[in-house]
$ cat query-v8.cif   # mmCIF, C-alpha atoms
data_start
loop_
_atom_site.label_atom_id
_atom_site.label_comp_id
_atom_site.auth_asym_id
_atom_site.auth_seq_id
_atom_site.Cartn_x
_atom_site.Cartn_y
_atom_site.Cartn_z
CA MET D 183 -33.43 49.34 67.89
CA GLN D 184 -31.09 50.90 65.39
CA LEU D 185 -29.33 48.39 63.08
CA PRO D 186 -25.62 48.88 62.38
CA LEU D 187 -24.76 50.43 59.06
CA PRO D 188 -23.08 48.12 56.52
CA ASN D 189 -19.30 48.29 56.53
CA PRO D 190 -18.22 49.59 53.08
CA LEU D 191 -14.90 47.73 53.35
CA SER D 192 -16.65 44.40 54.02
CA ARG D 193 -18.96 44.93 51.06
CA ALA D 194 -15.97 45.66 48.78
CA ARG D 195 -14.24 42.52 50.01
CA ALA D 196 -17.36 40.44 49.26
CA VAL D 197 -17.65 41.84 45.74
CA LEU D 198 -13.94 41.24 45.14
CA GLY D 199 -14.25 37.66 46.37
CA THR D 200 -17.14 37.01 43.99
CA LEU D 201 -15.14 38.41 41.07
CA LEU D 202 -12.10 36.28 41.95
CA THR D 203 -14.24 33.14 42.13
CA ALA D 204 -15.74 33.87 38.71
CA LEU D 205 -12.28 34.55 37.27
CA LEU D 206 -10.91 31.27 38.62
CA THR D 207 -13.86 29.36 37.17
CA LEU D 208 -13.37 30.99 33.76
CA THR D 209 -9.61 30.23 33.85
CA THR D 210 -10.32 26.59 34.64
CA LEU D 211 -12.71 26.32 31.70
CA LEU D 212 -10.30 27.97 29.29
CA THR D 213 -7.28 25.89 30.29
CA ALA D 214 -9.04 22.55 30.56
CA ALA D 215 -8.03 19.94 28.00
CA PRO D 216 -10.27 20.13 24.94
CA PRO D 217 -12.69 17.25 24.55
CA SER D 218 -11.53 14.46 22.28
CA HIS D 219 -13.15 14.17 18.87
CA ALA D 220 -16.26 12.05 18.84
CA ASP D 221 -15.78 8.58 17.40
CA SER D 222 -17.10 8.13 13.87
CA THR D 223 -19.16 5.03 12.99
CA ILE D 224 -19.19 3.76 9.39
CA CYS D 225 -21.77 1.26 8.11
CA GLU D 226 -21.46 1.84 4.34
CA GLN D 227 -20.12 -1.22 2.55
CA PHE D 228 -16.86 0.42 1.49
CA GLY D 229 -17.12 3.54 3.64
CA SER D 230 -13.99 5.09 5.11
CA THR D 231 -12.69 7.98 7.19
CA THR D 232 -9.30 9.32 8.26
CA ILE D 233 -7.68 9.29 11.70
CA GLN D 234 -4.69 11.24 13.02
CA GLY D 235 -4.72 13.11 9.70
CA ARG D 236 -2.59 10.36 8.13
CA TYR D 237 -4.34 6.95 8.13
CA VAL D 238 -7.56 5.63 6.60
CA VAL D 239 -10.06 3.42 8.46
CA GLN D 240 -12.25 1.39 6.08
CA ASN D 241 -15.29 -0.83 6.61
CA ASN D 242 -14.44 -2.94 3.53
CA ARG D 243 -17.37 -5.41 3.66
CA TRP D 244 -17.21 -7.44 0.47
CA GLY D 245 -18.14 -11.07 1.27
CA THR D 246 -21.64 -10.66 2.74
CA ASN D 247 -24.77 -8.54 2.48
CA ALA D 248 -25.22 -8.54 6.27
CA THR D 249 -24.68 -5.30 8.18
CA GLN D 250 -21.21 -4.45 9.41
CA CYS D 251 -20.26 -1.21 11.14
CA VAL D 252 -16.87 -0.01 12.35
CA THR D 253 -16.18 2.85 14.73
CA ALA D 254 -13.05 4.87 14.03
CA THR D 255 -11.26 6.06 17.16
CA ASP D 256 -8.36 8.47 17.66
CA SER D 257 -5.88 5.58 17.56
CA GLY D 258 -7.56 2.84 15.50
CA PHE D 259 -11.02 1.30 15.19
CA ARG D 260 -13.37 -1.31 16.62
CA ILE D 261 -16.03 -3.44 14.96
CA ALA D 262 -19.29 -2.10 16.34
CA GLN D 263 -21.64 -4.50 14.53
CA ALA D 264 -20.90 -7.69 12.60
CA ASP D 265 -24.05 -9.51 11.55
CA GLY D 266 -24.20 -12.84 9.75
CA SER D 267 -21.66 -15.53 9.01
CA VAL D 268 -20.09 -17.26 6.00
CA PRO D 269 -18.74 -20.82 5.63
CA THR D 270 -15.30 -21.25 7.14
CA ASN D 271 -14.06 -23.26 4.16
CA GLY D 272 -14.26 -20.17 1.95
CA GLY D 273 -13.22 -16.55 2.10
CA PRO D 274 -14.06 -14.20 5.00
CA LYS D 275 -16.94 -11.78 4.92
CA SER D 276 -14.84 -8.59 5.13
CA TYR D 277 -11.56 -6.96 6.03
CA PRO D 278 -12.23 -3.93 8.24
CA SER D 279 -8.86 -2.27 8.61
CA VAL D 280 -6.69 0.82 9.01
CA PHE D 281 -4.01 1.57 6.45
CA ASN D 282 -1.15 3.72 5.22
CA GLY D 283 -0.86 3.91 1.44
CA CYS D 284 -3.33 3.42 -1.40
CA HIS D 285 -6.26 1.01 -1.65
CA TYR D 286 -8.49 1.09 -4.75
CA THR D 287 -7.64 4.81 -5.40
CA ASN D 288 -8.26 5.69 -1.74
CA CYS D 289 -4.91 6.97 -0.46
CA SER D 290 -4.09 8.04 3.07
CA PRO D 291 -3.26 11.76 3.47
CA GLY D 292 0.39 12.62 2.87
CA THR D 293 1.49 9.04 2.23
CA ASN D 294 4.75 8.43 0.36
CA LEU D 295 3.42 5.15 -1.01
CA PRO D 296 3.68 3.63 -3.55
CA ALA D 297 7.45 3.49 -3.12
CA ARG D 298 9.99 1.32 -4.89
CA LEU D 299 11.28 -1.42 -2.59
CA SER D 300 14.91 -0.64 -3.39
CA SER D 301 14.38 2.96 -2.22
CA ILE D 302 13.01 2.00 1.22
CA SER D 303 15.56 1.88 4.04
CA SER D 304 13.05 0.79 6.70
CA ALA D 305 9.31 0.72 7.37
CA PRO D 306 8.78 0.64 11.14
CA THR D 307 5.26 -0.07 12.34
CA ASN D 308 3.34 -0.69 15.55
CA ILE D 309 0.08 -2.55 15.99
CA SER D 310 -2.03 -3.50 19.01
CA TYR D 311 -5.13 -5.70 18.83
CA ASN D 312 -8.06 -6.40 21.13
CA TYR D 313 -9.55 -9.89 20.76
CA VAL D 314 -12.98 -11.25 21.70
CA SER D 315 -14.59 -14.65 22.21
CA GLY D 316 -17.60 -16.02 20.36
CA ALA D 317 -16.25 -15.20 16.90
CA VAL D 318 -14.34 -16.90 14.08
CA TYR D 319 -11.67 -14.65 12.56
CA ASP D 320 -8.04 -13.91 11.95
CA ALA D 321 -6.17 -10.76 12.93
CA ALA D 322 -4.13 -9.90 9.85
CA TYR D 323 -1.50 -7.32 8.95
CA ASP D 324 -1.40 -6.99 5.14
CA ILE D 325 1.50 -5.79 2.99
CA TRP D 326 0.77 -5.19 -0.71
CA LEU D 327 3.39 -5.30 -3.50
CA ASP D 328 3.16 -4.66 -7.24
CA PRO D 329 5.52 -4.35 -10.23
CA ILE D 330 4.14 -0.84 -10.93
CA PRO D 331 3.22 1.99 -8.52
CA ARG D 332 -0.43 0.97 -8.57
CA THR D 333 -2.95 3.02 -6.62
CA ASP D 334 -6.04 1.21 -7.89
CA GLY D 335 -7.14 -2.41 -8.14
CA VAL D 336 -5.48 -5.60 -6.97
CA ASN D 337 -1.71 -5.85 -6.51
CA ARG D 338 0.37 -8.78 -7.69
CA THR D 339 1.49 -10.08 -4.28
CA GLU D 340 -0.14 -9.93 -0.86
CA ILE D 341 1.86 -10.62 2.30
CA MET D 342 -0.31 -11.50 5.29
CA ILE D 343 0.90 -11.68 8.89
CA TRP D 344 -1.64 -13.51 11.03
CA PHE D 345 -1.24 -12.28 14.60
CA ASN D 346 -4.08 -14.54 15.74
CA ARG D 347 -6.63 -16.98 14.35
CA VAL D 348 -9.71 -18.31 16.10
CA GLY D 349 -11.82 -21.15 14.74
CA PRO D 350 -11.40 -23.60 11.83
CA VAL D 351 -9.91 -21.15 9.33
CA GLN D 352 -6.64 -21.25 7.42
CA PRO D 353 -4.71 -19.05 4.98
CA VAL D 354 -4.85 -19.28 1.20
CA GLY D 355 -2.92 -22.23 -0.23
CA SER D 356 -1.02 -24.73 1.87
CA GLN D 357 1.68 -24.69 4.51
CA THR D 358 5.17 -24.89 3.01
CA GLY D 359 7.22 -24.94 6.20
CA THR D 360 8.33 -22.67 9.02
CA THR D 361 10.76 -19.76 9.21
CA SER D 362 12.05 -17.02 11.48
CA VAL D 363 11.35 -13.39 10.58
CA ALA D 364 12.02 -10.32 12.74
CA GLY D 365 13.03 -12.51 15.67
CA ARG D 366 9.84 -14.62 15.72
CA SER D 367 8.94 -18.07 14.45
CA TRP D 368 6.17 -18.44 11.84
CA GLN D 369 4.29 -21.06 9.90
CA VAL D 370 4.54 -20.19 6.21
CA TRP D 371 1.63 -20.67 3.79
CA ALA D 372 1.72 -19.95 0.06
CA GLY D 373 -0.99 -19.91 -2.59
CA ASN D 374 -3.05 -17.85 -5.02
CA ASN D 375 -6.61 -16.65 -4.43
CA GLY D 376 -7.40 -16.33 -8.15
CA THR D 377 -6.39 -12.68 -8.43
CA ASN D 378 -3.02 -12.42 -6.66
CA ASP D 379 -0.29 -14.45 -4.99
CA VAL D 380 -0.57 -14.72 -1.21
CA LEU D 381 2.27 -15.44 1.21
CA THR D 382 1.08 -15.80 4.81
CA PHE D 383 3.09 -15.88 8.03
CA VAL D 384 1.04 -17.42 10.87
CA ALA D 385 2.01 -16.89 14.51
CA PRO D 386 1.98 -20.17 16.51
CA SER D 387 0.21 -18.32 19.35
CA ALA D 388 -1.68 -15.05 19.54
CA ILE D 389 0.27 -11.78 19.49
CA SER D 390 -1.54 -8.80 21.02
CA SER D 391 0.96 -6.05 20.30
CA TRP D 392 4.22 -5.76 18.35
CA ASN D 393 6.68 -3.26 16.88
CA PHE D 394 8.46 -4.52 13.76
CA ASP D 395 9.91 -3.54 10.38
CA VAL D 396 7.66 -4.30 7.41
CA MET D 397 10.76 -4.67 5.23
CA ASP D 398 11.81 -7.84 7.09
CA PHE D 399 8.77 -9.58 5.62
CA VAL D 400 9.22 -7.91 2.23
CA ARG D 401 12.80 -9.17 1.99
CA GLN D 402 11.62 -12.68 2.91
CA THR D 403 9.06 -12.46 0.10
CA VAL D 404 11.66 -11.27 -2.43
CA SER D 405 13.94 -14.16 -1.43
CA ARG D 406 11.11 -16.59 -2.24
CA GLY D 407 10.66 -15.16 -5.74
CA LEU D 408 7.24 -13.59 -5.12
CA ALA D 409 8.48 -10.01 -5.59
CA GLN D 410 11.51 -8.10 -6.87
CA ASP D 411 13.49 -5.16 -5.55
CA ASN D 412 12.25 -2.95 -8.40
CA TRP D 413 8.62 -3.57 -7.39
CA TYR D 414 6.60 -1.15 -5.27
CA LEU D 415 5.16 -1.20 -1.77
CA THR D 416 1.67 0.23 -2.25
CA SER D 417 0.07 -0.09 1.20
CA VAL D 418 0.26 -1.62 4.67
CA GLN D 419 -2.99 -2.48 6.43
CA ALA D 420 -4.00 -3.87 9.82
CA GLY D 421 -7.38 -5.36 10.67
CA PHE D 422 -9.50 -8.48 10.90
CA GLU D 423 -10.98 -11.08 8.56
CA PRO D 424 -14.15 -12.31 10.30
CA TRP D 425 -16.14 -15.35 9.19
CA GLN D 426 -18.62 -15.38 12.09
CA ASN D 427 -19.62 -12.47 14.34
CA GLY D 428 -16.71 -10.20 15.31
CA ALA D 429 -18.28 -7.31 17.22
CA GLY D 430 -15.79 -5.92 19.72
CA LEU D 431 -12.65 -6.81 17.78
CA ALA D 432 -10.45 -3.73 17.69
CA VAL D 433 -7.17 -2.27 16.54
CA THR D 434 -6.35 -0.18 19.60
CA SER D 435 -3.25 1.48 18.13
CA PHE D 436 -1.59 1.68 14.72
CA SER D 437 1.39 3.53 13.32
CA SER D 438 3.30 3.18 10.05
CA THR D 439 6.29 5.05 8.66
CA VAL D 440 8.10 4.37 5.39
CA ASN D 441 11.66 5.73 5.42
CA LEU D 442 13.05 6.36 1.95
CA GLY D 443 16.70 6.73 1.03
CA GLY D 444 18.18 3.27 1.26
CA GLY D 445 21.51 2.34 -0.27
CA ASN D 446 24.93 3.93 -0.12
CA PRO D 447 24.85 7.73 -0.49
CA GLY D 448 28.39 7.62 -1.82
CA ASN D 449 27.36 5.52 -4.80
CA PRO D 450 25.22 7.51 -7.21
CA GLY D 451 23.99 4.25 -8.71
CA ASP D 452 22.25 3.28 -5.49
CA PRO D 453 18.84 4.56 -4.47
CA GLY D 454 19.07 7.11 -1.73
CA GLY D 455 21.66 9.77 -1.23
CA SER D 456 20.59 13.36 -0.73
CA THR D 457 17.33 14.17 -2.47
CA ALA D 458 16.93 17.67 -3.90
CA CYS D 459 14.28 18.79 -6.34
CA LYS D 460 12.65 21.64 -8.20
CA VAL D 461 9.05 21.75 -9.43
CA ALA D 462 7.63 23.86 -12.24
CA TYR D 463 3.83 24.11 -12.14
CA GLY D 464 2.38 25.70 -15.26
CA THR D 465 -1.36 26.24 -15.61
CA ASN D 466 -3.97 27.24 -18.17
CA VAL D 467 -7.09 28.48 -16.38
CA TRP D 468 -10.60 29.27 -17.61
CA GLN D 469 -13.90 29.77 -15.82
CA GLY D 470 -14.47 26.65 -13.71
CA GLY D 471 -11.66 24.61 -15.28
CA PHE D 472 -7.90 24.35 -15.69
CA THR D 473 -4.99 22.24 -16.86
CA ALA D 474 -1.70 21.86 -15.01
CA ASP D 475 1.65 20.82 -16.47
CA VAL D 476 4.09 19.67 -13.79
CA THR D 477 7.82 19.21 -14.33
CA VAL D 478 9.93 17.66 -11.57
CA THR D 479 13.72 18.14 -11.76
CA ASN D 480 16.15 16.06 -9.71
CA THR D 481 18.71 18.65 -8.59
CA GLY D 482 20.52 16.22 -6.28
CA PRO D 483 23.63 14.10 -6.94
CA SER D 484 21.86 10.72 -6.81
CA PRO D 485 19.14 9.13 -8.95
CA VAL D 486 15.60 9.04 -7.62
CA ASN D 487 14.43 5.49 -8.10
CA GLY D 488 10.67 5.50 -7.72
CA TRP D 489 9.41 9.09 -7.40
CA ASN D 490 6.40 10.23 -5.40
CA LEU D 491 5.44 13.91 -5.55
CA ALA D 492 3.12 15.01 -2.73
CA PHE D 493 1.08 18.23 -2.83
CA THR D 494 -2.34 19.50 -1.77
CA LEU D 495 -4.85 20.85 -4.26
CA PRO D 496 -6.50 24.02 -2.91
CA SER D 497 -10.09 23.75 -1.69
CA GLY D 498 -12.62 23.48 -4.50
CA GLN D 499 -10.22 21.91 -7.01
CA LYS D 500 -10.63 18.40 -8.40
CA THR D 501 -8.78 16.50 -11.11
CA THR D 502 -10.82 14.91 -13.90
CA SER D 503 -8.05 13.32 -16.01
CA VAL D 504 -4.31 12.70 -15.59
CA TRP D 505 -1.51 11.78 -17.99
CA ASN D 506 2.02 10.37 -17.52
CA ALA D 507 1.49 9.65 -13.80
CA ASN D 508 -0.63 7.83 -11.25
CA VAL D 509 -2.37 9.98 -8.65
CA SER D 510 -3.66 8.90 -5.25
CA SER D 511 -6.82 11.01 -5.13
CA SER D 512 -8.71 13.59 -7.16
CA SER D 513 -8.81 16.33 -4.50
CA GLY D 514 -7.16 17.43 -1.28
CA ALA D 515 -3.88 15.69 -0.44
CA VAL D 516 -2.52 14.16 -3.65
CA THR D 517 0.48 11.94 -4.32
CA ALA D 518 1.58 11.61 -7.95
CA SER D 519 3.91 8.75 -8.83
CA GLY D 520 5.74 7.61 -11.91
CA GLN D 521 4.59 4.90 -14.24
CA GLN D 522 6.64 1.93 -15.38
CA TYR D 523 8.30 3.93 -18.16
CA ASN D 524 9.08 7.10 -16.15
CA GLY D 525 9.49 5.94 -12.56
CA ASP D 526 13.13 7.07 -12.17
CA ILE D 527 14.79 10.50 -12.36
CA ALA D 528 18.52 10.69 -13.07
CA PRO D 529 20.64 13.43 -11.45
CA GLY D 530 19.85 16.61 -13.39
CA GLY D 531 16.99 14.81 -15.13
CA GLN D 532 13.31 15.65 -15.34
CA VAL D 533 9.93 13.99 -15.52
CA SER D 534 6.73 15.69 -16.58
CA PHE D 535 3.07 14.89 -16.09
CA GLY D 536 -0.18 16.79 -16.22
CA PHE D 537 -3.84 16.81 -15.41
CA GLN D 538 -7.08 18.57 -16.17
CA GLY D 539 -9.46 19.65 -13.44
CA THR D 540 -12.32 21.78 -12.25
CA TYR D 541 -12.43 24.45 -9.56
CA SER D 542 -14.86 26.68 -7.70
CA GLY D 543 -14.19 30.10 -6.20
CA THR D 544 -10.82 31.70 -6.79
CA PHE D 545 -8.17 29.63 -8.56
CA ALA D 546 -4.87 29.07 -6.73
CA LYS D 547 -1.80 26.88 -7.14
CA PRO D 548 -0.64 24.32 -4.53
CA ALA D 549 1.37 25.92 -1.73
CA GLY D 550 4.26 23.47 -1.96
CA PHE D 551 5.58 20.15 -3.18
CA SER D 552 7.69 17.34 -1.68
CA LEU D 553 9.54 14.59 -3.54
CA ASN D 554 9.79 11.32 -1.60
CA GLY D 555 9.36 13.27 1.62
CA THR D 556 11.78 16.13 0.81
CA ALA D 557 10.47 19.66 0.17
CA CYS D 558 11.14 21.00 -3.32
CA THR D 559 11.85 24.50 -4.54
CA THR D 560 9.45 25.93 -7.10
CA ALA D 561 10.41 27.43 -10.41
#
$ encode --input "query-v8.cif" --output "structure tokens"
Amino acid sequence: MQLPLPNPLSRARAVLGTLLTALLTLTTLLTAAPPSHADSTICEQFGSTTIQGRYVVQNNRWGTNATQCVTATDSGFRIAQADGSVPTNGGPKSYPSVFNGCHYTNCSPGTNLPARLSSISSAPTNISYNYVSGAVYDAAYDIWLDPIPRTDGVNRTEIMIWFNRVGPVQPVGSQTGTTSVAGRSWQVWAGNNGTNDVLTFVAPSAISSWNFDVMDFVRQTVSRGLAQDNWYLTSVQAGFEPWQNGAGLAVTSFSSTVNLGGGNPGNPGDPGGSTACKVAYGTNVWQGGFTADVTVTNTGPSPVNGWNLAFTLPSGQKTTSVWNANVSSSSGAVTASGQQYNGDIAPGGQVSFGFQGTYSGTFAKPAGFSLNGTACTTA
């Protein structure tokens, strides 16, 4: 029996169908949402990493030798392991947290902190916590203040907001009364831990999530004489102080913005107004090393009270010494801020600082500069 010959048109249709199926599969793969970044787990005592390109997650285990690990997520962190316990009548074993600002020379990328309190118009923030049973801890939001724009060491005053406490633990000092801040009622505790003053606001019942303005608590602290308007906000931090266990505790979301430019723009004596600036960046370069002399000019009509100059050192560059300024880090994203004697810039005035550093590869200057969040021209 003679078999029928294949139909050329049918064969073409089959081949075309196979090609279309492959093309659709490839399109689906190319347009699918990219996988999220893998979570990063940190077990080093003071290990840290960055999230969202703007906040730092830190393990910050200082009160115990037992293992503690935190896992940084896209939006916060969780305590992955929390071995051991410490007596509840003393300090906690750690403060795993996420922060905006500077903590012991570790500054979050692009932060405009430290910033003078009088220059801050608002500091909106959001925090969400996940709580667990079988642990003794507090969930604390920390606000750090200092008379100078400190980026290292301990600040003068610590404001703590206890969103929750579980177990027989209490804040530093003693309860001094109650108050209302940002539309909520709080127990107020005041004391000193031997290195800094501590003012703690304790929620009567657990708060899981809240949007608020950090400056509401700062103003309350100033009114109690524990800070002054010419002091600096150096960092805001959200995390946990565990005494026993703690695995599973998590900050599920965190955001922090510090808006500069408070005061009356029409009064040149007030902080704020329109900020305008010019930066001159002079260098002396030799093989593997360089010095940089930086001059910042206030070209706006209002004084800059508490200056922070942000810039990014090109890859391979690292500062080794700095003069006439405080700097947030030695490489990458850097924020330079004034010291007590040169923290303000009058209209038409200048401040200068410098640093020495090393480099590898080809030397280059920073691509740009911003003063208190406003881009500057370069001379």
$ residues_around --input "query-v8.cif" --residues "Val239 of chain D" --least-positions-apart "3" --cutoff "8 Å" --atoms "all atoms listed in the file" --output "tab-separated table (two decimals) with C-alpha atoms, in the coordinates of the input"
chain	number	residue	atom	x	y	z
D	230	SER	CA	-13.99	5.09	5.11
D	231	THR	CA	-12.69	7.98	7.19
D	232	THR	CA	-9.30	9.32	8.26
D	233	ILE	CA	-7.68	9.29	11.70
D	254	ALA	CA	-13.05	4.87	14.03
D	258	GLY	CA	-7.56	2.84	15.50
D	259	PHE	CA	-11.02	1.30	15.19
D	278	PRO	CA	-12.23	-3.93	8.24
D	279	SER	CA	-8.86	-2.27	8.61
D	280	VAL	CA	-6.69	0.82	9.01
D	281	PHE	CA	-4.01	1.57	6.45
$ residues_around --input "query-v8.cif" --residues "Thr246 of chain D" --least-positions-apart "5" --cutoff "8 Å" --atoms "all atoms listed in the file" --output "list in words"
Gly266, Ser267, Val268, Lys275 and Ser276 of chain D
$ residues_around --input "query-v8.cif" --residues "Tyr237 of chain D" --least-positions-apart "3" --cutoff "12 Å" --atoms "all atoms listed in the file" --output "NGL selection string"
:D and (230-234 or 240 or 254-259 or 279-285 or 288-293 or 417-420 or 435-439)
$ residues_around --input "query-v8.cif" --residues "segment 522-533 of chain D" --least-positions-apart "6" --cutoff "9 Å" --atoms "all atoms listed in the file" --output "list in words"
Arg298, Pro329, Ile330, Pro331, Pro450, Val476, Thr477, Val478, Thr479, Asn480, Thr481, Gly482, Pro483, Ser484, Pro485, Val486, Asn487, Gly488, Trp489, Asn490, Asn506 and Ala507 of chain D
$ residues_near_point --input "query-v8.cif" --point "(-13.4, 28.6, -12.1)" --cutoff "8 Å" --atoms "all atoms listed in the file" --output "list in words"
Val467, Trp468, Gln469, Gly470, Gly471, Phe472, Thr540, Tyr541, Ser542, Gly543, Thr544 and Phe545 of chain D
$ resolve_selection --input "query-v8.cif" --expression "the PyMOL selection byres ((chain D and resi 325) around 9)" --output "list of chain:residue names"
D:Tyr323, D:Asp324, D:Trp326, D:Leu327, D:Thr339, D:Glu340, D:Ile341, D:Met342, D:Ile343, D:Val396, D:Phe399, D:Val400, D:Leu415, D:Thr416, D:Ser417, D:Val418, D:Gln419, D:Ala420
$ write_last_selection --input "query-v8.cif" --atoms "C-alpha atoms" --output "tab-separated table (two decimals), in the frame of the given file"
chain	number	residue	atom	x	y	z
D	323	TYR	CA	-1.50	-7.32	8.95
D	324	ASP	CA	-1.40	-6.99	5.14
D	326	TRP	CA	0.77	-5.19	-0.71
D	327	LEU	CA	3.39	-5.30	-3.50
D	339	THR	CA	1.49	-10.08	-4.28
D	340	GLU	CA	-0.14	-9.93	-0.86
D	341	ILE	CA	1.86	-10.62	2.30
D	342	MET	CA	-0.31	-11.50	5.29
D	343	ILE	CA	0.90	-11.68	8.89
D	396	VAL	CA	7.66	-4.30	7.41
D	399	PHE	CA	8.77	-9.58	5.62
D	400	VAL	CA	9.22	-7.91	2.23
D	415	LEU	CA	5.16	-1.20	-1.77
D	416	THR	CA	1.67	0.23	-2.25
D	417	SER	CA	0.07	-0.09	1.20
D	418	VAL	CA	0.26	-1.62	4.67
D	419	GLN	CA	-2.99	-2.48	6.43
D	420	ALA	CA	-4.00	-3.87	9.82
$ resolve_selection --input "query-v8.cif" --expression "the PyMOL selection byres ((chain D and resi 508) around 6)" --output "PyMOL selection string"
chain D and resi 507+509+518-519
$ closest_residue --input "query-v8.cif" --among "D:Asp379, D:Cys459, D:Arg332, D:Ala322" --to "Asn346 of chain D" --atoms "all atoms listed in the file"
D:Ala322
